[in-house]
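Quick notes on the structure that follows.
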Amino acid sequence: MDEFEGIHPKIKVVRDFENKGDDEEEVRKQILLSSDDLITEDLFQTLVEKFHARTEDKFIIHIPHHQQPVTRVLSKLLPEEAQPPPSSYEQVGHVVHINLKTPHLQYGKLIGSILLDRLQPATRTVVNKVGEVGGPFRTYQMDLLAGEDDYLVHVVEHGVSLYFDLRNVYWCTRLEGERTYMLENEFQPNQIIADAFCGVGAQLIRAAKKMGCRIVANDLNPDAVEYCKESARKNGIDVSPGNFDVQCGDAREFIMSLGMRTSDSSSTDPSSDTTIVDASKLPHHLLLNFPLDSPSFLNALRWWPSSGEGMDPPPRIHVYTFARGDDERTEAEVAIDMVADGLLPEGGYTIASKFRGDYLNELGCNVKAREIRDAAPGKLVICVSFSATRTLLRRMQGDYME
């Protein structure tokens, strides 16, 4: 109703009106409006004509705190030096975590108790994120502000249940959209999906359960690997080699091993010394979602077979990396150059090359780049996707003959 635009505040309060007039059958409502200064005579006349509004004495409407936005409640309770109050938080299962700024730290318990009170029963624990994501397992420290000291969460994403301890693994709710994009636009039913940094496996479990994909995955964090397997089992997925195979180890060795998996079906032509390699066991997709350093792992593709059957179409590689634009290049162009340097360094490892996307496309790579999210001012997470063609792999292996 356009007539209420600008005069009905964000606190949308509607009350039943106790009808004391002659028409007791008429159902009427009280609606909270903003200051009288915004309600002109013409506007009021419109409300009377269109909604049969009545001219009555002013009423006092009591609004309990549970009907008010958290930020409004906090703005009333926090002192001036802590204004404005925290305005955002992330919910992971029953845990809410916020990033308190310095002025808010001494009021953390108060802020936590308000959030817990407002967000129950779905929320049982409120924590403050301390520091940045870091360490080999990409985790962060947290302080309990209110509620239970319990971090074993149950997250439901598009009908898939995930179980993990939030303190011990990396998790980002904001990547749900990216996971959905990959399932809807990149993966196909019954394909082989490989992931070198799988974490708790949200994307893989969804691909296995919804699309019948076979999974080959790895993570350095043993807790993440176990939670990935446990969640897969609880979703009715057969967790066994050849169907849903998750290991704990180094990502570079994992990528190399994907090429070596073809050796089981290799054979030697009896008329020559040439080994005929069946590359059908290579994955259709390989995910490298470690934005801090993903491109540096690409040289492990040299171990993939560059000849034989099973590479039509060639595997599609998806590399997530941080990138900052410069005076000459956009963030996407910088990310593509980082991938190119990871595949085929030009001028040595100390000299960065520029604008190499066309070069990769000459090798049949069909390079695409997408912006995923902001990481910091001027710093984006970019996904660079390309095809690991025979020509590219031969170049990586030192064969420059056409």
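Just so we're on the same page: first chain in the structure tokens is A, next is B, and so on; residues restart at 1 for each chain, and ligands are numbered from 1 in the order they show up.
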
As a ChimeraX atom specification, which residues of stretch 76-164 of chain A does DSSP assign to helix (DSSP H, G or I)? /A:76-77,80-82,102-119

Which residues are close to stretch 191-198 of chain A, i.e. within 6 Å by only C-alpha atoms, leaving aside same-chain residues fewer than 2 positions away? Reply as a compact mmCIF listing (two decimals) with N, CA and C atoms, in the first residue's frame.
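For reference, around.txt as written:
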# COMPACT_ATOMS: atom_id res chain seq x y z
N GLN A 188 26.97 -31.80 -13.65
CA GLN A 188 25.93 -32.57 -14.33
C GLN A 188 25.70 -33.86 -13.55
N PRO A 189 24.50 -34.43 -13.63
CA PRO A 189 24.22 -35.67 -12.89
C PRO A 189 25.24 -36.77 -13.21
N GLY A 201 32.26 -30.48 3.52
CA GLY A 201 31.67 -31.16 2.37
C GLY A 201 30.28 -30.76 1.97
N CYS A 213 26.24 -37.67 -8.05
CA CYS A 213 27.65 -37.52 -8.42
C CYS A 213 28.53 -38.41 -7.55
N ARG A 214 29.62 -38.87 -8.13
CA ARG A 214 30.64 -39.58 -7.38
C ARG A 214 31.66 -38.57 -6.88
N ILE A 215 32.14 -38.78 -5.66
CA ILE A 215 32.95 -37.78 -4.99
C ILE A 215 34.33 -38.34 -4.67
N VAL A 216 35.36 -37.54 -4.98
CA VAL A 216 36.73 -37.81 -4.55
C VAL A 216 37.22 -36.52 -3.92
N ALA A 217 37.53 -36.53 -2.63
CA ALA A 217 37.79 -35.26 -1.93
C ALA A 217 38.92 -35.40 -0.93
N ASN A 218 39.40 -34.24 -0.49
CA ASN A 218 40.52 -34.16 0.43
C ASN A 218 40.42 -32.91 1.27
N ASP A 219 40.93 -33.00 2.50
CA ASP A 219 41.13 -31.82 3.33
C ASP A 219 42.27 -32.10 4.30
N ALA A 251 47.02 -31.20 -0.18
CA ALA A 251 46.23 -30.94 -1.39
C ALA A 251 47.03 -31.20 -2.66
N PRO A 283 38.54 -36.64 -12.85
CA PRO A 283 37.25 -36.02 -12.49
C PRO A 283 36.76 -35.11 -13.60
N HIS A 284 35.45 -34.93 -13.64
CA HIS A 284 34.89 -33.94 -14.56
C HIS A 284 35.14 -32.53 -14.06
N HIS A 285 35.21 -32.38 -12.73
CA HIS A 285 35.46 -31.08 -12.13
C HIS A 285 36.44 -31.24 -10.96
N LEU A 286 37.35 -30.29 -10.84
CA LEU A 286 38.24 -30.21 -9.68
C LEU A 286 38.09 -28.83 -9.05
N LEU A 287 37.74 -28.79 -7.76
CA LEU A 287 37.56 -27.55 -7.03
C LEU A 287 38.79 -27.25 -6.19
N LEU A 288 39.27 -26.02 -6.28
CA LEU A 288 40.39 -25.54 -5.45
C LEU A 288 39.91 -24.28 -4.74

Distance atom CA of A:Tyr227-atom CA of A:Val200, one decimal place? 5.8 Å

May I have the residues within 10 Å of A:Gly159 as a list in words, using only C-alpha atoms and disregarding those fewer than 2 positions away in the same chain? Val155, Val156, Glu157, Ser161, Leu162, Arg206, Lys209, Lys210 and Asn235 of chain A

Write the residues you've just listed into a file as a compact mmCIF listing (two decimals), in the first residue's frame, and include C-alpha atoms for each of them.
# COMPACT_ATOMS: atom_id res chain seq x y z
CA VAL A 155 23.02 -26.94 9.64
CA VAL A 156 20.42 -27.65 6.96
CA GLU A 157 21.27 -26.40 3.46
CA SER A 161 21.95 -31.94 6.93
CA LEU A 162 25.48 -31.06 8.03
CA ARG A 206 24.52 -31.91 -2.05
CA LYS A 209 22.52 -36.69 -2.78
CA LYS A 210 20.72 -34.51 -5.34
CA ASN A 235 22.15 -38.16 4.51

Taking the chain letters and numbering used in this document, name the residues of stretch 134-346 of chain A that DSSP puts in strand (DSSP E), as a ChimeraX atom specification. /A:134,139-147,152-157,160-165,192-195,214-219,244-248,267-268,275-276,285-289,316-324

Straight-line distance linking atom CA of A:Thr139 with atom CA of A:Gly249, stated in Å to one decimal: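 Separation of atom CA of A:Thr139 and atom CA of A:Gly249: 17.2 Å.
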
Length of the atom CA of A:Thr391 to atom CA of A:Val367 vector [Å]: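 Calculated distance between atom CA of A:Thr391 and atom CA of A:Val367 is 14.3 Å.
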
Near stretch 291-308 of chain A, 12 Å: stretch 135-164 of chain A residue rows, closest pairs, only C-alpha atoms, as JSON lines:
{"residue": "A:Gly135", "atom": "CA", "partner": "A:Leu292", "partner_atom": "CA", "distance": 11.4}
{"residue": "A:Pro136", "atom": "CA", "partner": "A:Leu292", "partner_atom": "CA", "distance": 11.2}
{"residue": "A:Arg138", "atom": "CA", "partner": "A:Leu292", "partner_atom": "CA", "distance": 10.1}

Applying 10 Å and only C-alpha atoms, which residues near A:Ser87 remain after dropping the ones on its own chain fewer than 5 positions away? List them as a PyMOL selection string. chain A and resi 69-72+74+98-100

Export of the given selection (C-alpha atoms) as a PDB file, in the first residue's frame:
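This went into part_35.pdb:
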ATOM      1  CA  PRO A  69      14.618  -4.901  15.905  1.00  0.00           C
ATOM      2  CA  VAL A  70      17.698  -5.966  17.858  1.00  0.00           C
ATOM      3  CA  THR A  71      19.561  -2.838  16.766  1.00  0.00           C
ATOM      4  CA  ARG A  72      16.808  -0.604  18.164  1.00  0.00           C
ATOM      5  CA  LEU A  74      20.666  -2.155  21.680  1.00  0.00           C
ATOM      6  CA  ILE A  98      29.152 -11.543  15.715  1.00  0.00           C
ATOM      7  CA  ASN A  99      32.240  -9.417  15.140  1.00  0.00           C
ATOM      8  CA  LEU A 100      32.337  -6.886  17.956  1.00  0.00           C
TER       9      LEU A 100
END
